Structure formats: structure tokens, C-alpha cells
Amino acid sequence: MANRTVKDARSVKGTNPQYLVEKITRSRIYSCRYWKEECFALTAELLVDKAMELRYIGGTFSGNIKPTPFLCLVLKMLQIQPEKDIIIEFIKNEDFKYVRLLGAFYMRIIGESLDVYKYLEPLYLDYRKIRLQNKNGDFILSHVDEFIDELLREERACDVILPRIQKRKILEDNEQLEPRVNALEEDMDELEESSDEEMVIEELQRQKSPERRRHDRKKSPSPRHRRSKSQSPHRRRREPSPRRERRRSRSPHRRRSPQRERRRKSRSPDHRHKESDRHRRRHRSESPSNRHRKSHRH
């Protein structure tokens with residue numbers, strides 16, 4: 001009794017709504033613990049609270065084919081068949097991303113082609129991260145827009161075969177659906193417009209009149225003026241660094257000029273005695289007695 005579809009349920013795709021899930025997967029859901037404890041006597045009002053408790057999405061995992069809570073709630077929605085307005089509110093819910101994905105998955109299974117494109121394509125702009133459990137039981141990172149793209153393009157999602165829908169191009173040709181506008185194309189158009197404006201501004205700057213260029217040259221200071229500023233007498237001279245002074249004082253092989261060498265020798269006492277001896281010899285040679293002796297010899 002607990003696994004039967006409600007009496008006033010409508011047939012979907014010409015069959016019982018629960019039959020849209022494969023029999024082996026459906027039997028695994030009926031025998032799992034989450035279905036027996038959490039999904040028993042669940043109504044459309046209480047289904048919202050269970051959907052808010054979801055922390056990941058997925059189909060079946062491990063070797064025993066255990067269903068995830070996400071897949072159990074999908075089958076419960078197929079069993080009780082909530083109203084379309086409730087499903088639309090699930091999809092428009094921006095606070096709980098897993099509630100949104102639950103409504104989108106249910107809409108993809110039971111909805112018509114126009115409703116699927118109408119309500120699922122706006123979710124391409126939702127880039128939030130989600131956790132997805134694979135068949136090995138490991139959690140992988142995904143995004144809301146990736147899952148929506150999988151629902152619209154793939155034939156199977158979360159281990160459930162998705163009903164076929166018409167191609168979007170056919171609906172556009174029949175004027176039942178408007179052409180889809182990609183958000184990236186709008187951003188690219190804005191970037192192209194901004195780049196064109198920058199190119200126009202650069203061309204205008206290049207095509208300046210010669211009078212304007214002359215005026216700009218007059219305003220700019222000449223290089224001579226700049227040199228005179230750098231060579232001003234009031235400019236503070238740089239003091240020699242102590243390292244440089246040490247190098248000068250330590251260099252033993254530094255050569256001195258000849259004038260400095262003479263001055264140094266003149267200051268020494270030995271050089272003074274030699275100079276005095278020279279003066280005495282000159283004085284003796286220039287005395288009158290020495291002159292007379294030289295003349296007598298000749």
C-alpha cells in the first residue's frame with residue numbers, strides 16, 4: 001500500500017509515473033532504509049522539509065546498488081504527484097540549491113518540451129557548487145549549470161532514463177520558443193564595443209594638429225634647462241663614503257707626484273744638511289782667494 005501511486009494521479013508519457021524509474025532501481029528504493037523511515041506517509045507539504053535537508057545529489061552507488069536520498073525523494077514525488085505550482089516554486093528557490101535541483105529533475109521527467117526549456121534554461125546562470133555522489137560512493141565537485149546541461153543534453157542522469165524531448169531548433173522554427181540568448185555573447189559584445197572606443201580615442205590622439213604639438217613642446221621644459229637644474233651650484237655634494245676613504249688610506253702602492261716628493265724631502269733633516277753643505281761649497285768656490293788660486297794655476 002505504501003508503494004502505490006495515489007488514486008487521482010495522472011498518467012505521464014502514457015504510463016504510471018513511478019514506472020518512469022526502472023524496475024530494479026525502484027525495487028532497491030522500496031527496500032532501502034531511507035524510504036521506509038523518512039518517506040513513509042510523506043505529503044507535498046512535508047516533502048519541502050525533507051528536500052531542505054539534502055546535502056548532495058546522485059543516483060545509485062556501491063555494488064549493492066543503494067539509492068541516494070535524492071533519488072528516493074524523486075520517486076516519492078512521482079508517487080504523490082505534487083501540483084505544478086509547487087514544482088515551479090522548487091525551481092525558483094534560490095536559497096536551497098538542492099531543492100532547486102530536485103524540482104528541475106522532476107520537471108525534466110514529467111514536463112513537456114516547452115516547460116522543460118522554459119524553466120530549466122534560466123538555471124544555466126546558477127554557478128554554485130554542488131556535491132555529486134558517483135557509483136563508487138565517492139563525492140565529486142560539480143556545479144548547478146553542469147547538472148542542468150546534463151538534464152537537457154544527456155539521455156540518462158542519476159541512473160534514470162530521461163524521456164525524450166523535442167529539439168530546441170524545431171521549437172524555434174515553429175515559433176513556439178524564442179531563440180536563446182547566451183549571456184557570454186552579451187559580455188563579448190560589450191568588450192568589443194569598449195575596445196572599439198579605445199581604438200578611436202588612440203587614433204584621435206595620434207592625429208593631433210601640428211599647432212597642438214608645438215604648444216605641447218613649448219610647455220615641456222628643454223633638456224638644457226633640465227641640465228642646468230641638475231648642475232646648480234647650490235646642489236649638495238655627496239660626501240665620500242668611509243669605505244672609499246679606507247681604500248685610499250690602505251693603498252701602499254699609490255704613487256706621489258714629483259712636487260710632493262720634493263716637498264717631503266725638503267722637510268726631512270737629512271735633506272736640510274745636504275742643502276747646507278751645497279751652499280757652503282758654492283760659497284767657498286766663489287770666494288776671492290779661490291779665484292786667485294785658480295788664475296795663478298792657469
# chains A, B, ... in the order shown; residues from 1 in each chain; ligands from 1
>>> residues_around(residues="Leu42 in chain A", least_positions_apart="4", cutoff="12 Å", atoms="only C-alpha atoms", output="list of chain:residue names")
A:Ala2, A:Asn3, A:Val6, A:Trp35, A:Lys36, A:Glu37, A:Glu38, A:Leu46, A:Leu47, A:Val48, A:Asp49, A:Lys50, A:Ala51, A:Cys72, A:Leu73, A:Leu75, A:Lys76, A:Met77, A:Gln79, A:Ile80, A:Gln81, A:Pro82
>>> closest_residue(among="A:Ala157, A:Val200, A:Ile57, A:Leu20", to="Ile140 in chain A", atoms="only C-alpha atoms")
A:Ile57
>>> atom_distance(atom1="CA of Lys84 in chain A", atom2="CA of Lys118 in chain A")
13.6 Å
>>> select_by_dssp(residues="range 52-229 of chain A", states="alpha helix (DSSP H)", output="PyMOL selection string")
chain A and resi 52+69-80+84-92+97-110+113-120+144-153+168-173+183-206+210-219+223-229
>>> residues_around(residues="Ile148 in chain A", least_positions_apart="2", cutoff="10 Å", atoms="only C-alpha atoms", output="number ranges by chain")
A: 101, 104-105, 108, 120-124, 126, 143-146, 150-154
>>> write_last_selection(atoms="N, CA and C atoms", output="PDB file, in the first residue's frame")
ATOM      1  N   LEU A 101      17.419  21.748  -7.573  1.00  0.00           N
ATOM      2  CA  LEU A 101      17.791  20.631  -8.445  1.00  0.00           C
ATOM      3  C   LEU A 101      16.756  19.508  -8.389  1.00  0.00           C
ATOM      4  N   ALA A 104      13.981  20.665 -10.625  1.00  0.00           N
ATOM      5  CA  ALA A 104      14.390  20.630 -12.032  1.00  0.00           C
ATOM      6  C   ALA A 104      14.404  19.193 -12.557  1.00  0.00           C
ATOM      7  N   PHE A 105      14.869  18.256 -11.734  1.00  0.00           N
ATOM      8  CA  PHE A 105      14.910  16.849 -12.161  1.00  0.00           C
ATOM      9  C   PHE A 105      13.502  16.293 -12.350  1.00  0.00           C
ATOM     10  N   ARG A 108      12.035  17.686 -15.506  1.00  0.00           N
ATOM     11  CA  ARG A 108      12.616  17.063 -16.705  1.00  0.00           C
ATOM     12  C   ARG A 108      11.969  15.706 -16.989  1.00  0.00           C
ATOM     13  N   LEU A 120      14.051  25.325 -17.126  1.00  0.00           N
ATOM     14  CA  LEU A 120      15.392  24.816 -16.824  1.00  0.00           C
ATOM     15  C   LEU A 120      16.509  25.680 -17.426  1.00  0.00           C
ATOM     16  N   GLU A 121      16.263  26.287 -18.577  1.00  0.00           N
ATOM     17  CA  GLU A 121      17.330  27.078 -19.192  1.00  0.00           C
ATOM     18  C   GLU A 121      17.766  28.282 -18.350  1.00  0.00           C
ATOM     19  N   PRO A 122      16.878  28.966 -17.629  1.00  0.00           N
ATOM     20  CA  PRO A 122      17.373  30.059 -16.757  1.00  0.00           C
ATOM     21  C   PRO A 122      18.352  29.605 -15.676  1.00  0.00           C
ATOM     22  N   LEU A 123      18.350  28.308 -15.369  1.00  0.00           N
ATOM     23  CA  LEU A 123      19.272  27.805 -14.344  1.00  0.00           C
ATOM     24  C   LEU A 123      20.708  27.691 -14.863  1.00  0.00           C
ATOM     25  N   TYR A 124      20.911  27.953 -16.142  1.00  0.00           N
ATOM     26  CA  TYR A 124      22.279  27.991 -16.665  1.00  0.00           C
ATOM     27  C   TYR A 124      23.097  29.104 -16.019  1.00  0.00           C
ATOM     28  N   ASP A 126      23.115  29.789 -12.891  1.00  0.00           N
ATOM     29  CA  ASP A 126      23.425  29.431 -11.498  1.00  0.00           C
ATOM     30  C   ASP A 126      24.746  28.655 -11.492  1.00  0.00           C
ATOM     31  N   HIS A 143      28.690  21.596 -10.509  1.00  0.00           N
ATOM     32  CA  HIS A 143      28.018  22.884 -10.430  1.00  0.00           C
ATOM     33  C   HIS A 143      26.569  22.722 -10.905  1.00  0.00           C
ATOM     34  N   VAL A 144      25.758  23.685 -10.530  1.00  0.00           N
ATOM     35  CA  VAL A 144      24.342  23.613 -10.875  1.00  0.00           C
ATOM     36  C   VAL A 144      24.151  23.666 -12.384  1.00  0.00           C
ATOM     37  N   ASP A 145      24.854  24.555 -13.054  1.00  0.00           N
ATOM     38  CA  ASP A 145      24.686  24.686 -14.502  1.00  0.00           C
ATOM     39  C   ASP A 145      25.153  23.425 -15.231  1.00  0.00           C
ATOM     40  N   GLU A 146      26.137  22.733 -14.706  1.00  0.00           N
ATOM     41  CA  GLU A 146      26.584  21.479 -15.329  1.00  0.00           C
ATOM     42  C   GLU A 146      25.505  20.397 -15.228  1.00  0.00           C
ATOM     43  N   GLU A 150      23.396  18.600 -18.258  1.00  0.00           N
ATOM     44  CA  GLU A 150      23.277  17.137 -18.381  1.00  0.00           C
ATOM     45  C   GLU A 150      21.825  16.712 -18.549  1.00  0.00           C
ATOM     46  N   LEU A 151      20.910  17.383 -17.851  1.00  0.00           N
ATOM     47  CA  LEU A 151      19.495  17.050 -17.990  1.00  0.00           C
ATOM     48  C   LEU A 151      18.960  17.366 -19.385  1.00  0.00           C
ATOM     49  N   LEU A 152      19.469  18.433 -19.995  1.00  0.00           N
ATOM     50  CA  LEU A 152      18.951  18.847 -21.297  1.00  0.00           C
ATOM     51  C   LEU A 152      19.629  18.134 -22.465  1.00  0.00           C
ATOM     52  N   ARG A 153      20.803  17.594 -22.264  1.00  0.00           N
ATOM     53  CA  ARG A 153      21.557  17.023 -23.377  1.00  0.00           C
ATOM     54  C   ARG A 153      21.685  15.494 -23.322  1.00  0.00           C
ATOM     55  N   GLU A 154      21.849  14.962 -22.122  1.00  0.00           N
ATOM     56  CA  GLU A 154      22.102  13.526 -21.995  1.00  0.00           C
ATOM     57  C   GLU A 154      20.794  12.732 -21.988  1.00  0.00           C
TER      58      GLU A 154
END
>>> atom_distance(atom1="CA of Glu193 in chain A", atom2="CA of Val181 in chain A")
18.2 Å
>>> closest_residue(among="A:Ile88, A:Ile161, A:Leu125, A:Ile65", to="Tyr19 in chain A", atoms="only C-alpha atoms")
A:Ile161
>>> atom_distance(atom1="CA of Phe90 in chain A", atom2="CA of Met52 in chain A")
10.3 Å
>>> residues_around(residues="Lys7 in chain A", least_positions_apart="2", cutoff="12 Å", atoms="only C-alpha atoms", output="mmCIF file with N, CA and C atoms, in the first residue's frame")
data_model
loop_
_atom_site.group_PDB
_atom_site.id
_atom_site.type_symbol
_atom_site.label_atom_id
_atom_site.label_comp_id
_atom_site.auth_asym_id
_atom_site.auth_seq_id
_atom_site.Cartn_x
_atom_site.Cartn_y
_atom_site.Cartn_z
ATOM 1 N N MET A 1 0.814 -1.209 0.000
ATOM 2 C CA MET A 1 0.000 0.000 0.000
ATOM 3 C C MET A 1 0.854 1.267 0.000
ATOM 4 N N ARG A 4 2.248 2.295 -3.568
ATOM 5 C CA ARG A 4 1.342 2.511 -4.684
ATOM 6 C C ARG A 4 1.228 4.004 -4.999
ATOM 7 N N THR A 5 0.902 4.258 -6.273
ATOM 8 C CA THR A 5 0.661 5.632 -6.694
ATOM 9 C C THR A 5 -0.725 6.064 -6.216
ATOM 10 N N ALA A 9 -3.866 10.214 -9.497
ATOM 11 C CA ALA A 9 -2.666 10.600 -10.244
ATOM 12 C C ALA A 9 -2.918 10.491 -11.738
ATOM 13 N N ARG A 10 -2.327 11.400 -12.482
ATOM 14 C CA ARG A 10 -2.448 11.388 -13.934
ATOM 15 C C ARG A 10 -1.313 10.555 -14.530
ATOM 16 N N SER A 11 -1.595 9.959 -15.659
ATOM 17 C CA SER A 11 -0.558 9.180 -16.338
ATOM 18 C C SER A 11 0.410 10.137 -17.025
ATOM 19 N N ASN A 16 2.189 4.785 -15.824
ATOM 20 C CA ASN A 16 2.219 5.149 -14.411
ATOM 21 C C ASN A 16 3.482 5.983 -14.140
ATOM 22 N N PRO A 17 3.385 7.096 -13.412
ATOM 23 C CA PRO A 17 4.567 7.939 -13.183
ATOM 24 C C PRO A 17 5.735 7.194 -12.544
ATOM 25 N N GLN A 79 5.230 9.436 -7.028
ATOM 26 C CA GLN A 79 4.143 8.672 -6.408
ATOM 27 C C GLN A 79 2.986 9.567 -5.982
ATOM 28 N N ILE A 80 3.307 10.698 -5.351
ATOM 29 C CA ILE A 80 2.233 11.563 -4.830
ATOM 30 C C ILE A 80 1.825 12.637 -5.836
ATOM 31 N N GLN A 81 2.624 12.900 -6.825
ATOM 32 C CA GLN A 81 2.342 13.861 -7.893
ATOM 33 C C GLN A 81 1.915 15.224 -7.336
#
>>> residues_around(residues="Ser142 in chain A", least_positions_apart="3", cutoff="9 Å", atoms="only C-alpha atoms", output="CSV table (one decimal) with N, CA, C and O atoms, in the first residue's frame")
chain,number,residue,atom,x,y,z
A,128,ARG,N,26.6,27.9,-8.7
A,128,ARG,CA,27.0,27.4,-7.4
A,128,ARG,C,27.5,26.0,-7.4
A,128,ARG,O,27.2,25.2,-8.3
A,129,LYS,N,28.4,25.7,-6.5
A,129,LYS,CA,29.0,24.3,-6.4
A,129,LYS,C,28.0,23.4,-5.7
A,129,LYS,O,27.3,23.7,-4.8
A,130,ILE,N,28.1,22.1,-6.1
A,130,ILE,CA,27.3,21.1,-5.6
A,130,ILE,C,28.1,19.8,-5.4
A,130,ILE,O,29.1,19.7,-6.0
A,131,ARG,N,27.6,18.9,-4.5
A,131,ARG,CA,28.3,17.6,-4.3
A,131,ARG,C,27.5,16.6,-5.0
A,131,ARG,O,26.3,16.5,-4.9
A,132,LEU,N,28.3,15.7,-5.8
A,132,LEU,CA,27.6,14.7,-6.5
A,132,LEU,C,28.3,13.3,-6.1
A,132,LEU,O,29.5,13.2,-6.1
A,145,ASP,N,24.9,24.6,-13.1
A,145,ASP,CA,24.7,24.7,-14.5
A,145,ASP,C,25.2,23.4,-15.2
A,145,ASP,O,24.6,23.1,-16.3
A,146,GLU,N,26.1,22.7,-14.7
A,146,GLU,CA,26.6,21.5,-15.3
A,146,GLU,C,25.5,20.4,-15.2
A,146,GLU,O,25.3,19.6,-16.2
A,147,PHE,N,24.9,20.3,-14.1
A,147,PHE,CA,23.8,19.3,-13.9
A,147,PHE,C,22.6,19.6,-14.8
A,147,PHE,O,22.0,18.7,-15.4
>>> select_by_dssp(residues="range 28-81 of chain A", states="strand (DSSP E or B)", output="mmCIF file with N, CA, C and O atoms, in the first residue's frame")
data_model
loop_
_atom_site.group_PDB
_atom_site.id
_atom_site.type_symbol
_atom_site.label_atom_id
_atom_site.label_comp_id
_atom_site.auth_asym_id
_atom_site.auth_seq_id
_atom_site.Cartn_x
_atom_site.Cartn_y
_atom_site.Cartn_z
ATOM 1 N N ILE A 57 23.553 15.196 -4.281
ATOM 2 C CA ILE A 57 22.689 14.552 -5.260
ATOM 3 C C ILE A 57 23.391 13.301 -5.787
ATOM 4 O O ILE A 57 24.595 13.128 -5.586
ATOM 5 N N GLY A 58 22.642 12.468 -6.469
ATOM 6 C CA GLY A 58 23.221 11.248 -7.033
ATOM 7 C C GLY A 58 22.141 10.220 -7.317
ATOM 8 O O GLY A 58 20.957 10.406 -6.977
ATOM 9 N N THR A 60 22.439 5.796 -7.818
ATOM 10 C CA THR A 60 22.749 4.627 -7.009
ATOM 11 C C THR A 60 24.260 4.513 -6.877
ATOM 12 O O THR A 60 25.015 4.987 -7.727
ATOM 13 N N PHE A 61 24.692 3.838 -5.792
ATOM 14 C CA PHE A 61 26.126 3.701 -5.539
ATOM 15 C C PHE A 61 26.404 2.346 -4.918
ATOM 16 O O PHE A 61 25.479 1.658 -4.438
ATOM 17 N N LYS A 66 22.732 0.835 -3.846
ATOM 18 C CA LYS A 66 21.991 1.575 -2.826
ATOM 19 C C LYS A 66 21.570 2.924 -3.392
ATOM 20 O O LYS A 66 22.382 3.638 -3.977
ATOM 21 N N PRO A 67 20.325 3.312 -3.225
ATOM 22 C CA PRO A 67 19.879 4.604 -3.746
ATOM 23 C C PRO A 67 20.229 5.739 -2.776
ATOM 24 O O PRO A 67 20.295 5.553 -1.561
#
>>> decode(residues="range 157-171 of chain A", atoms="all heavy atoms", output="short mmCIF file (atom, residue, chain, number, x, y, z; two decimals), in the first residue's frame")
data_model
loop_
_atom_site.label_atom_id
_atom_site.label_comp_id
_atom_site.auth_asym_id
_atom_site.auth_seq_id
_atom_site.Cartn_x
_atom_site.Cartn_y
_atom_site.Cartn_z
N ALA A 157 20.47 10.40 -16.44
CA ALA A 157 21.00 11.20 -15.35
C ALA A 157 20.56 10.58 -14.03
O ALA A 157 19.38 10.20 -13.87
CB ALA A 157 20.53 12.65 -15.44
N CYS A 158 21.50 10.45 -13.10
CA CYS A 158 21.23 9.85 -11.77
C CYS A 158 20.61 8.45 -11.91
O CYS A 158 19.67 8.09 -11.17
CB CYS A 158 20.34 10.76 -10.93
SG CYS A 158 21.10 12.34 -10.51
N ASP A 159 21.12 7.69 -12.87
CA ASP A 159 20.68 6.31 -13.10
C ASP A 159 19.19 6.21 -13.43
O ASP A 159 18.54 5.20 -13.13
CB ASP A 159 20.99 5.43 -11.88
CG ASP A 159 22.49 5.34 -11.64
OD1 ASP A 159 23.25 5.22 -12.63
OD2 ASP A 159 22.90 5.40 -10.47
N VAL A 160 18.66 7.26 -14.07
CA VAL A 160 17.27 7.26 -14.52
C VAL A 160 17.28 7.62 -16.00
O VAL A 160 17.92 8.61 -16.41
CB VAL A 160 16.41 8.26 -13.72
CG1 VAL A 160 14.99 8.31 -14.28
CG2 VAL A 160 16.39 7.88 -12.25
N ILE A 161 16.56 6.83 -16.80
CA ILE A 161 16.46 7.13 -18.23
C ILE A 161 15.51 8.31 -18.41
O ILE A 161 14.33 8.24 -18.00
CB ILE A 161 15.97 5.89 -19.01
CG1 ILE A 161 16.97 4.75 -18.86
CG2 ILE A 161 15.76 6.22 -20.48
CD1 ILE A 161 16.51 3.45 -19.49
N LEU A 162 15.99 9.38 -19.03
CA LEU A 162 15.19 10.59 -19.20
C LEU A 162 14.31 10.46 -20.44
O LEU A 162 14.76 9.98 -21.49
CB LEU A 162 16.11 11.80 -19.35
CG LEU A 162 17.07 12.07 -18.18
CD1 LEU A 162 18.00 13.22 -18.51
CD2 LEU A 162 16.31 12.34 -16.90
N PRO A 163 13.04 10.87 -20.33
CA PRO A 163 12.17 10.85 -21.52
C PRO A 163 12.70 11.79 -22.60
O PRO A 163 13.33 12.80 -22.31
CB PRO A 163 10.81 11.32 -20.98
CG PRO A 163 10.87 11.09 -19.51
CD PRO A 163 12.30 11.28 -19.12
N ARG A 164 12.41 11.45 -23.84
CA ARG A 164 12.89 12.27 -24.94
C ARG A 164 12.05 13.54 -25.07
O ARG A 164 10.84 13.53 -24.83
CB ARG A 164 12.82 11.48 -26.25
CG ARG A 164 13.79 10.32 -26.31
CD ARG A 164 13.74 9.64 -27.65
NE ARG A 164 14.68 8.53 -27.73
CZ ARG A 164 14.87 7.78 -28.81
NH1 ARG A 164 14.15 8.02 -29.91
NH2 ARG A 164 15.74 6.79 -28.80
N ILE A 165 12.73 14.60 -25.44
CA ILE A 165 12.06 15.88 -25.68
C ILE A 165 12.45 16.37 -27.07
O ILE A 165 13.45 15.93 -27.65
CB ILE A 165 12.45 16.94 -24.61
CG1 ILE A 165 13.97 17.12 -24.55
CG2 ILE A 165 11.90 16.56 -23.25
CD1 ILE A 165 14.43 18.21 -23.60
N GLN A 166 11.65 17.27 -27.60
CA GLN A 166 11.93 17.81 -28.93
C GLN A 166 13.19 18.67 -28.91
O GLN A 166 13.54 19.28 -27.88
CB GLN A 166 10.74 18.63 -29.42
CG GLN A 166 9.53 17.79 -29.79
CD GLN A 166 8.40 18.65 -30.33
OE1 GLN A 166 8.35 19.85 -30.09
NE2 GLN A 166 7.48 18.01 -31.04
N LYS A 167 13.81 18.73 -30.06
CA LYS A 167 14.99 19.59 -30.19
C LYS A 167 14.57 21.06 -30.11
O LYS A 167 13.49 21.44 -30.56
CB LYS A 167 15.70 19.32 -31.51
CG LYS A 167 16.22 17.90 -31.67
CD LYS A 167 17.35 17.63 -30.71
CE LYS A 167 17.91 16.22 -30.92
NZ LYS A 167 19.01 15.90 -29.97
N ARG A 168 15.47 21.83 -29.58
CA ARG A 168 15.16 23.25 -29.42
C ARG A 168 15.01 23.94 -30.77
O ARG A 168 14.21 24.88 -30.94
CB ARG A 168 16.27 23.93 -28.60
CG ARG A 168 15.86 25.24 -28.02
CD ARG A 168 16.98 25.89 -27.24
NE ARG A 168 16.48 26.90 -26.34
CZ ARG A 168 16.02 28.08 -26.73
NH1 ARG A 168 15.98 28.40 -28.00
NH2 ARG A 168 15.57 28.96 -25.83
N LYS A 169 15.79 23.52 -31.74
CA LYS A 169 15.74 24.15 -33.06
C LYS A 169 14.37 23.96 -33.71
O LYS A 169 13.87 24.87 -34.40
CB LYS A 169 16.84 23.56 -33.93
CG LYS A 169 16.99 24.26 -35.26
CD LYS A 169 18.13 23.65 -36.06
CE LYS A 169 18.27 24.36 -37.39
NZ LYS A 169 19.38 23.78 -38.22
N ILE A 170 13.77 22.80 -33.49
CA ILE A 170 12.44 22.55 -34.07
C ILE A 170 11.40 23.48 -33.45
O ILE A 170 10.54 24.05 -34.15
CB ILE A 170 12.05 21.08 -33.87
CG1 ILE A 170 13.03 20.16 -34.61
CG2 ILE A 170 10.62 20.82 -34.34
CD1 ILE A 170 12.82 18.69 -34.35
N LEU A 171 11.49 23.68 -32.14
CA LEU A 171 10.55 24.58 -31.46
C LEU A 171 10.77 26.02 -31.90
O LEU A 171 9.81 26.80 -31.99
CB LEU A 171 10.71 24.45 -29.95
CG LEU A 171 10.39 23.07 -29.35
CD1 LEU A 171 10.68 23.05 -27.87
CD2 LEU A 171 8.93 22.70 -29.61
#
